[in-house]
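Chemist: The structure follows.
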Amino acid sequence: MRPYPVRFLPLCLAVLCERCAAYMLASSMVLMLCERYGYPRDEALRLAGLITAAGYLGSLPGGIVADRVLGHHRTLTGSLILLVVGYALLMIPSLLALWSSVATLVLGTSLFKPSAQAVLRRLALPPDPRLDRAQVWLYLLINVGALSGAIIAGLAIQHWGWTFCFAITASIVCMGRACLSIGRRDVPVRTQTDKPLPKTMPTAHLFTWQRVQTIAALTLAMLLFKVCFGQVEGALLLFTQQHTERVVHGFTVPPSWFAGLPALLVLLLAPAQLVLLPRLQRRMQTAHLVAVGLLSTSLAFLVLFPAVLPSKTHLVRMSWLVACHTLLVIGETLIGPLGLSQVLRLAPPRFVGAVIGVWFVSGAVGYWLAGEIGALWVRWSPICGLTILAVLPLVGIGVLFVEVRKTSLK
């Protein structure tokens, strides 16, 4: 990360802490709603999907607030304070505290997501090649946080209980806020002295219908991916708890660790990602790479069919879930950082927060649909859920290949 501005490191550390805390909650939210508050499994899945979706959905108004009212840096620091309060409220074991916490966390997340990306874009404006690399580094650190959060949550809940778990969570976000203070108060916007954008790149002051279509195609891909990936913290988590053999040399692996498994796989595959992605980008258009990611996402659920059929009478080996998660991670690697980096390039500077908000809104709809499909998985049959999840990414592939004929996403 040495080629980047000094303020890039504090931003990364703040995002790392926020994601660690977020995954401590996400990896255990369904279990918390069932075990701590007594919700039925299907209702817990729906609520978890809606709560996650609300944080993404709020990113659109949050981005507008960051653009027009508070400024990106003020929004970023204020959101971390809200998150500390929200996680601290979860230490109180009551329904009133739960829903007060949910409201505060949704507000904090809605402000954090677009403002963090907007600050990053101001550090490396397109066509600066550091923007792609910055997204990859940030993506890797997000997964470090996700893995750490899932591991910490699993151990804390198993040994010390829910209250202690959320005390740790609030403390981690406090550390993120402190890290952010290392950077300067705000990031200066580049002026006309910067190099002009190449003609092949979108201009900074003309928001054409063609770019709207391109952003729409990418956000649809993100939406469909989130529908599938949302099962990691929902239906797949419950399936892991009930139908998976989790004892290894006498140690029972906590279910929440499986929610952090994709993050571990991302880090294990990181060397290959850093070497291969630039080469693939030189040979393939972004639309094609995102389509490959959707294909991998579809295959992730196809591989579970042989495992799911006998699951009512036999425990499933963990290797099936590892295969599923590996394919999901390949999809995430191609869809997440590449798609978001392209959206940042296409977004006009005046509306970057709002456009990023639209990107995260697609994640909101995806997580909401993930909860609904997860409930169908529980109520109907795993085969029904897997079939839907295997087919949906194929729709996104079709849309991307139609779009690539109209405009180049390279």
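Labels for the structure tokens follow display order: chains A, B, ..., residues from 1 in each chain, ligands from 1.
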Write out as a list in words the residues lying within 8 Å of range 81-90 of chain A, counting only C-alpha atoms and excluding same-chain residues fewer than 4 positions away.

Modeler: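 So the residues in contact are Thr77, Ala97, Leu98, Ser100, Ser101, Val102, Ala103, Thr104, Leu105, Leu107, Gly108, Thr109, Thr163, Phe166, Ala167, Thr169, Ala170, Ser171, Val173, Cys174 and Arg177 of chain A.
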
Chemist: Calculate how many Å separate CA of Val399 in chain A from CA of Ala217 in chain A, rounding to one decimal.

Modeler: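 Here the two named atoms are 6.6 Å from each other.
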
Chemist: Applying 6 Å and only C-alpha atoms, which residues near range 13-17 of chain A remain after dropping the ones on its own chain fewer than 6 positions away? List them as a list in words.

Modeler: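 Listing them by chain and then by number gives Leu141, Ile142, Gly145, Ile172, Val173, Gly176, Cys179 and Leu180 of chain A.
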
Chemist: What does the file look like for those residues with C-alpha atoms, as an mmCIF file, in the first residue's frame?

Modeler:
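result.cif, written as the output of this step:
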```
data_model
loop_
_atom_site.group_PDB
_atom_site.id
_atom_site.type_symbol
_atom_site.label_atom_id
_atom_site.label_comp_id
_atom_site.auth_asym_id
_atom_site.auth_seq_id
_atom_site.Cartn_x
_atom_site.Cartn_y
_atom_site.Cartn_z
ATOM 1 C CA LEU A 141 -8.965 -6.008 4.368
ATOM 2 C CA ILE A 142 -12.758 -6.267 4.499
ATOM 3 C CA GLY A 145 -12.279 -8.115 9.229
ATOM 4 C CA ILE A 172 -13.583 -2.677 17.991
ATOM 5 C CA VAL A 173 -15.598 0.108 16.334
ATOM 6 C CA GLY A 176 -11.761 2.152 14.071
ATOM 7 C CA CYS A 179 -7.641 5.005 13.586
ATOM 8 C CA LEU A 180 -9.562 7.383 11.361
#
```

Chemist: Given only C-alpha atoms, how would the per-residue table for range 196-270 of chain A near range 373-394 of chain A read, listing every residue at most 6 Å away with its closest atom pair and distance in Å to one decimal, sorted by chain and number, as a tab-separated table?

Modeler:
```
residue	atom	partner	partner_atom	distance
A:Leu224	CA	A:Pro393	CA	5.8
A:Cys228	CA	A:Leu389	CA	5.9
A:Ala235	CA	A:Gly374	CA	4.9
```

Chemist: Which residue gives the smallest distance to Ser28 in chain A among A:Leu11, A:Gly62, A:Cys165, A:Val106, with only C-alpha atoms counted?

Modeler: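 Using only C-alpha atoms, Ser28 in chain A sits closest to A:Cys165.
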
Chemist: As an MDAnalysis selection string, please: the residues near Glu332 in chain A (cut-off 12 Å, only C-alpha atoms, same-chain neighbours under 3 positions excluded).

Modeler: chainID A and resid 136 139:140 143 221:226 228:230 262:263 265:266 269 273 289:298 300 325:329 335:340

Chemist: So that I can check the surroundings of Ser59 in chain A, please list as a PDB file with N, CA and C atoms, in the first residue's frame every protein, DNA and RNA residue that reaches within 10 Å of it, counting only C-alpha atoms and ignoring chain neighbours fewer than 4 positions away.

Modeler:
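Generated output (result_1.pdb):
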```pdb
ATOM      1  N   ALA A  54     -31.833  -3.258   5.152  1.00  0.00           N
ATOM      2  CA  ALA A  54     -32.096  -1.872   5.549  1.00  0.00           C
ATOM      3  C   ALA A  54     -30.814  -1.044   5.568  1.00  0.00           C
ATOM      4  N   GLY A  55     -29.704  -1.643   6.034  1.00  0.00           N
ATOM      5  CA  GLY A  55     -28.434  -0.924   6.049  1.00  0.00           C
ATOM      6  C   GLY A  55     -27.951  -0.583   4.650  1.00  0.00           C
ATOM      7  N   GLY A  63     -25.793   8.444   1.065  1.00  0.00           N
ATOM      8  CA  GLY A  63     -24.865   9.025   0.098  1.00  0.00           C
ATOM      9  C   GLY A  63     -25.233  10.450  -0.260  1.00  0.00           C
ATOM     10  N   ILE A  64     -26.537  10.728  -0.380  1.00  0.00           N
ATOM     11  CA  ILE A  64     -26.980  12.091  -0.690  1.00  0.00           C
ATOM     12  C   ILE A  64     -26.630  13.041   0.456  1.00  0.00           C
ATOM     13  N   VAL A  65     -26.822  12.579   1.705  1.00  0.00           N
ATOM     14  CA  VAL A  65     -26.454  13.391   2.869  1.00  0.00           C
ATOM     15  C   VAL A  65     -24.953  13.684   2.863  1.00  0.00           C
ATOM     16  N   ALA A  66     -24.152  12.653   2.538  1.00  0.00           N
ATOM     17  CA  ALA A  66     -22.703  12.852   2.494  1.00  0.00           C
ATOM     18  C   ALA A  66     -22.305  13.821   1.394  1.00  0.00           C
ATOM     19  N   VAL A 106     -28.574   0.506  11.617  1.00  0.00           N
ATOM     20  CA  VAL A 106     -28.983   0.739  10.228  1.00  0.00           C
ATOM     21  C   VAL A 106     -28.606   2.151   9.796  1.00  0.00           C
ATOM     22  N   LEU A 107     -28.859   3.135  10.673  1.00  0.00           N
ATOM     23  CA  LEU A 107     -28.508   4.514  10.353  1.00  0.00           C
ATOM     24  C   LEU A 107     -26.998   4.667  10.190  1.00  0.00           C
ATOM     25  N   GLY A 108     -26.233   4.095  11.115  1.00  0.00           N
ATOM     26  CA  GLY A 108     -24.772   4.192  11.033  1.00  0.00           C
ATOM     27  C   GLY A 108     -24.218   3.524   9.788  1.00  0.00           C
ATOM     28  N   THR A 109     -24.730   2.334   9.469  1.00  0.00           N
ATOM     29  CA  THR A 109     -24.266   1.621   8.274  1.00  0.00           C
ATOM     30  C   THR A 109     -24.634   2.369   7.004  1.00  0.00           C
ATOM     31  N   SER A 110     -25.839   2.956   6.979  1.00  0.00           N
ATOM     32  CA  SER A 110     -26.295   3.702   5.805  1.00  0.00           C
ATOM     33  C   SER A 110     -25.388   4.887   5.506  1.00  0.00           C
ATOM     34  N   LEU A 111     -24.825   5.486   6.533  1.00  0.00           N
ATOM     35  CA  LEU A 111     -23.923   6.613   6.340  1.00  0.00           C
ATOM     36  C   LEU A 111     -22.493   6.163   6.080  1.00  0.00           C
ATOM     37  N   PHE A 112     -22.099   5.045   6.665  1.00  0.00           N
ATOM     38  CA  PHE A 112     -20.710   4.597   6.557  1.00  0.00           C
ATOM     39  C   PHE A 112     -20.364   4.104   5.154  1.00  0.00           C
ATOM     40  N   LYS A 113     -21.209   3.269   4.577  1.00  0.00           N
ATOM     41  CA  LYS A 113     -20.875   2.621   3.306  1.00  0.00           C
ATOM     42  C   LYS A 113     -20.589   3.624   2.189  1.00  0.00           C
ATOM     43  N   PRO A 114     -21.497   4.550   1.872  1.00  0.00           N
ATOM     44  CA  PRO A 114     -21.196   5.472   0.763  1.00  0.00           C
ATOM     45  C   PRO A 114     -20.087   6.459   1.079  1.00  0.00           C
ATOM     46  N   SER A 115     -19.990   6.906   2.331  1.00  0.00           N
ATOM     47  CA  SER A 115     -18.965   7.908   2.654  1.00  0.00           C
ATOM     48  C   SER A 115     -17.564   7.305   2.594  1.00  0.00           C
ATOM     49  N   GLY A 353     -21.604   9.987  -4.187  1.00  0.00           N
ATOM     50  CA  GLY A 353     -22.235   9.374  -3.020  1.00  0.00           C
ATOM     51  C   GLY A 353     -23.574   8.760  -3.354  1.00  0.00           C
ATOM     52  N   ALA A 354     -24.372   9.458  -4.172  1.00  0.00           N
ATOM     53  CA  ALA A 354     -25.685   8.942  -4.550  1.00  0.00           C
ATOM     54  C   ALA A 354     -25.570   7.699  -5.415  1.00  0.00           C
ATOM     55  N   VAL A 355     -24.607   7.710  -6.375  1.00  0.00           N
ATOM     56  CA  VAL A 355     -24.437   6.541  -7.249  1.00  0.00           C
ATOM     57  C   VAL A 355     -23.954   5.343  -6.448  1.00  0.00           C
ATOM     58  N   ILE A 356     -23.035   5.570  -5.515  1.00  0.00           N
ATOM     59  CA  ILE A 356     -22.595   4.479  -4.643  1.00  0.00           C
ATOM     60  C   ILE A 356     -23.773   3.986  -3.811  1.00  0.00           C
ATOM     61  N   GLY A 357     -24.636   4.917  -3.393  1.00  0.00           N
ATOM     62  CA  GLY A 357     -25.832   4.516  -2.666  1.00  0.00           C
ATOM     63  C   GLY A 357     -26.712   3.592  -3.490  1.00  0.00           C
ATOM     64  N   VAL A 358     -26.854   3.881  -4.784  1.00  0.00           N
ATOM     65  CA  VAL A 358     -27.626   3.004  -5.666  1.00  0.00           C
ATOM     66  C   VAL A 358     -26.998   1.616  -5.724  1.00  0.00           C
ATOM     67  N   TRP A 359     -25.678   1.580  -5.799  1.00  0.00           N
ATOM     68  CA  TRP A 359     -24.962   0.294  -5.804  1.00  0.00           C
ATOM     69  C   TRP A 359     -25.290  -0.510  -4.548  1.00  0.00           C
ATOM     70  N   PHE A 360     -25.272   0.152  -3.394  1.00  0.00           N
ATOM     71  CA  PHE A 360     -25.564  -0.559  -2.150  1.00  0.00           C
ATOM     72  C   PHE A 360     -27.049  -0.875  -2.004  1.00  0.00           C
ATOM     73  N   VAL A 361     -27.922  -0.070  -2.631  1.00  0.00           N
ATOM     74  CA  VAL A 361     -29.341  -0.395  -2.621  1.00  0.00           C
ATOM     75  C   VAL A 361     -29.584  -1.735  -3.306  1.00  0.00           C
ATOM     76  N   GLY A 363     -27.628  -4.179  -3.151  1.00  0.00           N
ATOM     77  CA  GLY A 363     -27.322  -5.154  -2.109  1.00  0.00           C
ATOM     78  C   GLY A 363     -28.453  -5.288  -1.116  1.00  0.00           C
ATOM     79  N   ALA A 364     -29.144  -4.166  -0.835  1.00  0.00           N
ATOM     80  CA  ALA A 364     -30.288  -4.197   0.085  1.00  0.00           C
ATOM     81  C   ALA A 364     -31.384  -5.102  -0.446  1.00  0.00           C
TER      82      ALA A 364
END
```

Chemist: Can you tell me which residues surround Thr52 in chain A at a distance of at most 9 Å, considering only C-alpha atoms, apart from same-chain residues fewer than 4 positions away, and format the answer as a PyMOL selection string?

Modeler: chain A and resi 26+47-48+56-57+106+363-364+367-368

Chemist: May I have the residues from that selection written out with C-alpha atoms, as a tab-separated table (two decimals), in the first residue's frame?

Modeler:
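Okay, this is what ended up in part32.tsv:
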```
chain	number	residue	atom	x	y	z
A	26	ALA	CA	-23.88	-10.89	10.88
A	47	LEU	CA	-35.77	-10.49	9.99
A	48	ALA	CA	-32.03	-10.96	9.46
A	56	TYR	CA	-27.80	-1.23	2.33
A	57	LEU	CA	-31.05	0.50	1.34
A	106	VAL	CA	-28.98	0.74	10.23
A	363	GLY	CA	-27.32	-5.15	-2.11
A	364	ALA	CA	-30.29	-4.20	0.08
A	367	TYR	CA	-30.32	-9.36	1.08
A	368	TRP	CA	-34.07	-8.91	1.45
```

Chemist: Restricting the calculation to only C-alpha atoms: of A:Gln117, A:Pro61, A:Arg74, A:Trp162, which residue gets closest to Met32 in chain A?

Modeler: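 Ranking A:Gln117, A:Pro61, A:Arg74, A:Trp162 by distance to Met32 in chain A, first place goes to A:Trp162.
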
Chemist: Tell me which of A:Leu309, A:Leu220, A:Ala370, A:Ala272 sits closest to Ile397 in chain A, counting only C-alpha atoms.

Modeler: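 Closest to Ile397 in chain A, using only C-alpha atoms: A:Leu220.
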
Chemist: With a distance cut-off of 12 Å and only C-alpha atoms, select the neighbouring residues of Gln158 in chain A, excluding the residue or stretch itself and same-chain residues fewer than 5 positions from it, and output the selection as a tab-separated table (two decimals) with C-alpha atoms, in the first residue's frame.

Modeler:
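out-v9.tsv, freshly written:
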```tsv
chain	number	residue	atom	x	y	z
A	28	SER	CA	-24.48	-14.80	14.61
A	31	LEU	CA	-28.69	-17.67	15.91
A	151	ILE	CA	-13.95	-16.21	14.76
A	152	ILE	CA	-14.21	-13.76	17.66
A	153	ALA	CA	-18.01	-14.02	17.74
A	163	THR	CA	-23.33	-9.55	26.34
A	164	PHE	CA	-19.55	-9.94	26.35
A	165	CYS	CA	-19.57	-10.55	22.59
A	252	THR	CA	-17.09	-28.79	17.68
A	253	VAL	CA	-16.68	-26.04	15.11
A	254	PRO	CA	-19.07	-23.14	15.93
A	255	PRO	CA	-21.63	-22.54	13.16
A	256	SER	CA	-20.70	-18.85	13.00
A	257	TRP	CA	-17.22	-19.84	11.80
```
